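Chemist: Starting off with a structure, shown below.
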Amino acid sequence: MSLTATRIHADTATVTVASQTAAVTDWSARYFGPWWNAAAVGAPGPGSLTDGGGLVLADVDPGRVDDITALVTDCGHEETTYANARTLVAHADGITYAVQPGERIGYQANGRRLVIVGDEPEPVAVAAARLARELVRGQLLADGWTVLHASAATHNGDAVLTLGDKGAGKTTTGLLLALGGWGLLANDRVFVRPEPDGRVRVLPWPSAAALGLGLLDATGLYDQVRERVLAGEQLHPTQHPTVTQALMDGRREPLWRATGKELKPQFFPDQLASWLGLTLATEARAAGLLFPTMSPDAVPALVENGRTLTDADVFDQKTEDRYPDIFGLTPTTATGTQALTEHLARLPRRSMLLSHDTNASAALLTKTAEEIITAL
């Protein structure tokens with residue numbers, strides 16, 4: 001088998017994903033292409049890391065999974081949860097080894113060179129894309145970027161950032177603005193960096209987009225999504241099987257775990273354009289901040305609550321819940337958020353109530369967002 005490779009660029013960060021299975025590198029090209037730059041390149045050679053980038057070597061190799069499992073089991077190891085999976089982590093001779101027994105995925109990390117092995121192509125491809133993104137994140141953080149828990153929508157290069165706790169309406173805000181003709185730059189997380197000229201640059205965080213069944217129905221998107229599922233097209237594999245079955249059965253009401261977390265359809269980034277007709281944006285400057293609160297039966301309206309950016313809006317090593325830095329890819333010294341907070345504090349901000357009346361909510365959001373960017 002010949003080695004295939006996909007090169008990923010985000011601002012100054014670069015990562016190459018290489019594999020003997022073309023489906024693995026094709027996955028990264030599909031996943032990162034709509035929001036970052038990603039394209040097929042020649043197989044990486046000995047000098048592929050001289051530019052300071054990262055390398056992910058990902059292959060189907062059950063025997064190597066067994067080897068890493070035995071090594072981790074024999075060494076003193078720690079247990080954690082990474083990407084919602086039980087993960088055992090060990091260190092030997094400066095190299096980090098990890099295994100996810102339930103998923104049959106093994107990892108070996110030495111600086112910015114990562115090896116990923118598994119039993120089947122799709123889980124290997126998912127893991128490779130995830131770690132490629134983490135390598136990009138580490139490089140961007142070292143270059144002064146910060147990750148915010150926010151969605152972002154753009155118009156002519158200007159972005160409104162939507163912040164709030166889980167369930168506040170960040171994804172809904174981004175979707176409704178995008179359906180109104182804005183560009184969708186991020187649905188849940190976003191990279192931001194203050195510049196010397198006072199601007200705050202914004203870059204997307206590529207990820208599967210989780211859109212609830214009720215939201216799809218309320219925005220008129222449900223039927224076209226269901227038609228594609230019935231035709232055999234696949235959503236992102238992290239989607240819970242009961243969601244797929246609900247779409248096939250024509251169920252529109254929200255689904256919930258016993259823990260109270262909603263189960264939602266999971267869209268690949270490119271499916272936001274090909275399935276839902278949205279336009280994806282790749283970069284912008286921050287123009288203002290929105291702080292929504294979702295109240296199902298409320299009349300959508302602007303409110304006064306004094307909400308500003310807080311530490312809870314920033315993803316760092318202490319607050320990262322899904323992807324703890326088990327491979328040492330994050331800079332040990334943070335750039336801090338004071339400068340960012342000061343820059344964002346100068347921007348207009350609006351707090352609002354949104355409701356399940358999507359037409360009224362969309363009208364309020366569009367009017368407010370347009371006023372923000374017009375005031376620049």
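By order in the structure tokens, chains are A, B, ...; within a chain, residues start at 1; ligands start at 1, following the order shown.
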Residues of segment 168-209 of chain A in helix (DSSP H, G or I) according to DSSP, as a list of chain:residue names?
Modeler: A:Lys170, A:Thr171, A:Thr172, A:Thr173, A:Gly174, A:Leu175, A:Leu176, A:Leu177, A:Ala178, A:Leu179
Chemist: Find the residues around segment 357-366 of chain A up to 12 Å (only C-alpha atoms counted), leave out those fewer than 3 positions away in its own chain, and share them as an MDAnalysis selection string.
Modeler: chainID A and resid 153:155 160:162 169:170 172:182 214:220 289:303 350:354 369:374
Chemist: As a ChimeraX atom specification, please: every residue in segment 100-241 of chain A that DSSP puts in strand (DSSP E or B).
Modeler: /A:100,105-110,113-118,146-148,150-155,158-163,183-186,190-194,200-204,209-210
Chemist: Which residues are near segment 68-85 of chain A? Cut-off 7 Å, only C-alpha atoms, ignore same chain within fewer than 6 positions. Put them as a ChimeraX atom specification.
Modeler: /A:97-100,106,322-324
Chemist: Nearest to Ala375 of chain A among A:Glu122, A:Asp59, A:Asp158, A:Asp66, with distances taken over only C-alpha atoms: which residue is it?
Modeler: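 Nearest candidate to Ala375 of chain A out of A:Glu122, A:Asp59, A:Asp158, A:Asp66: A:Asp158.
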Chemist: Considering only C-alpha atoms, state which residue in the set A:Pro34, A:Gly138, A:Gly232, A:Gly53 is at the smallest distance from Ala281 of chain A.
Modeler: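 Closest residue, counting only C-alpha atoms: A:Pro34.
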Chemist: Write out as an MDAnalysis selection string which residues come within 12 Å of Thr12 of chain A when counting only C-alpha atoms, dropping same-chain ones fewer than 2 positions away.
Modeler: chainID A and resid 8:10 14:15 36:37 51:54 136:145 203
Chemist: How close does segment 177-243 of chain A get to segment 249-266 of chain A? List, as CSV, each residue of segment 177-243 of chain A within 9 Å, its nearest atom pair and the distance in Å to one decimal, counting only C-alpha atoms.
Modeler:
residue,atom,partner,partner_atom,distance
A:Ala208,CA,A:Gln266,CA,5.8
A:Ala209,CA,A:Gln266,CA,5.4
A:Ala210,CA,A:Gln266,CA,4.7
A:Leu211,CA,A:Lys264,CA,5.6
A:Gly212,CA,A:Lys264,CA,4.5
A:Leu213,CA,A:Pro254,CA,5.5
A:Gly214,CA,A:Pro254,CA,5.5
A:Leu215,CA,A:Pro254,CA,8.7
A:Leu216,CA,A:Arg252,CA,8.3
A:Asp217,CA,A:Arg252,CA,6.5
A:Tyr222,CA,A:Arg252,CA,7.8
A:Asp223,CA,A:Gly250,CA,8.6
A:Arg226,CA,A:Gly250,CA,7.3
A:Leu235,CA,A:Gln266,CA,6.1
A:His236,CA,A:Gln266,CA,5.3
A:Pro237,CA,A:Gln266,CA,7.9
A:Thr238,CA,A:Gln266,CA,7.0
A:Gln239,CA,A:Gln266,CA,5.3
A:His240,CA,A:Leu263,CA,6.9
A:Thr242,CA,A:Leu263,CA,8.3
A:Val243,CA,A:Pro265,CA,6.2
Chemist: Determine the nearest neighbour of Asp93 of chain A from the options A:Leu309, A:Leu276, A:Ala18, A:Ala109, counting only C-alpha atoms.
Modeler: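 Among the listed residues, A:Ala109 lies closest to Asp93 of chain A.
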Chemist: Could you name the residues that touch Pro269 of chain A at 10 Å or less, counting only C-alpha atoms, but leaving out those on the same chain fewer than 4 positions away, as a list in words?
Modeler: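 Counting only C-alpha atoms, the residues come to Arg30, Tyr31, Phe32, Gly33, Pro34, Trp35, Ala186, Asn187, Pro206, Ser207, Ala208, Ala209, His236, Ala273, Ser274 and Leu280 of chain A.
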Chemist: At what distance in Å, to one decimal, does atom CA of Gln234 of chain A lie from atom CA of Gly102 of chain A?
Modeler: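 One can read the atom CA of Gly102 of chain A to atom CA of Gln234 of chain A distance as 22.9 Å.
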Chemist: Find the distance between atom CA of Ala286 of chain A and atom CA of Arg199 of chain A and write it in Å to one decimal.
Modeler: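 These atoms are spaced 7.1 Å apart.
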Chemist: Using only C-alpha atoms, find the one residue out of A:Ser19, A:Gln338, A:Gln245, A:Ser28 that sits nearest to Arg133 of chain A.
Modeler: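 Checking each candidate against Arg133 of chain A, we get A:Ser28 as the closest.
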Chemist: Which is closer to Ile105 of chain A than all the others in A:Ser2, A:Arg130, A:Leu148, A:Val60, using only C-alpha atoms?
Modeler: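 Closest candidate: A:Val60.
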Chemist: Could you state the separation of atom CA of Leu272 of chain A and atom CA of Val200 of chain A in Å, given to one decimal place?
Modeler: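 Going from atom CA of Leu272 of chain A over to atom CA of Val200 of chain A, I get 25.6 Å.
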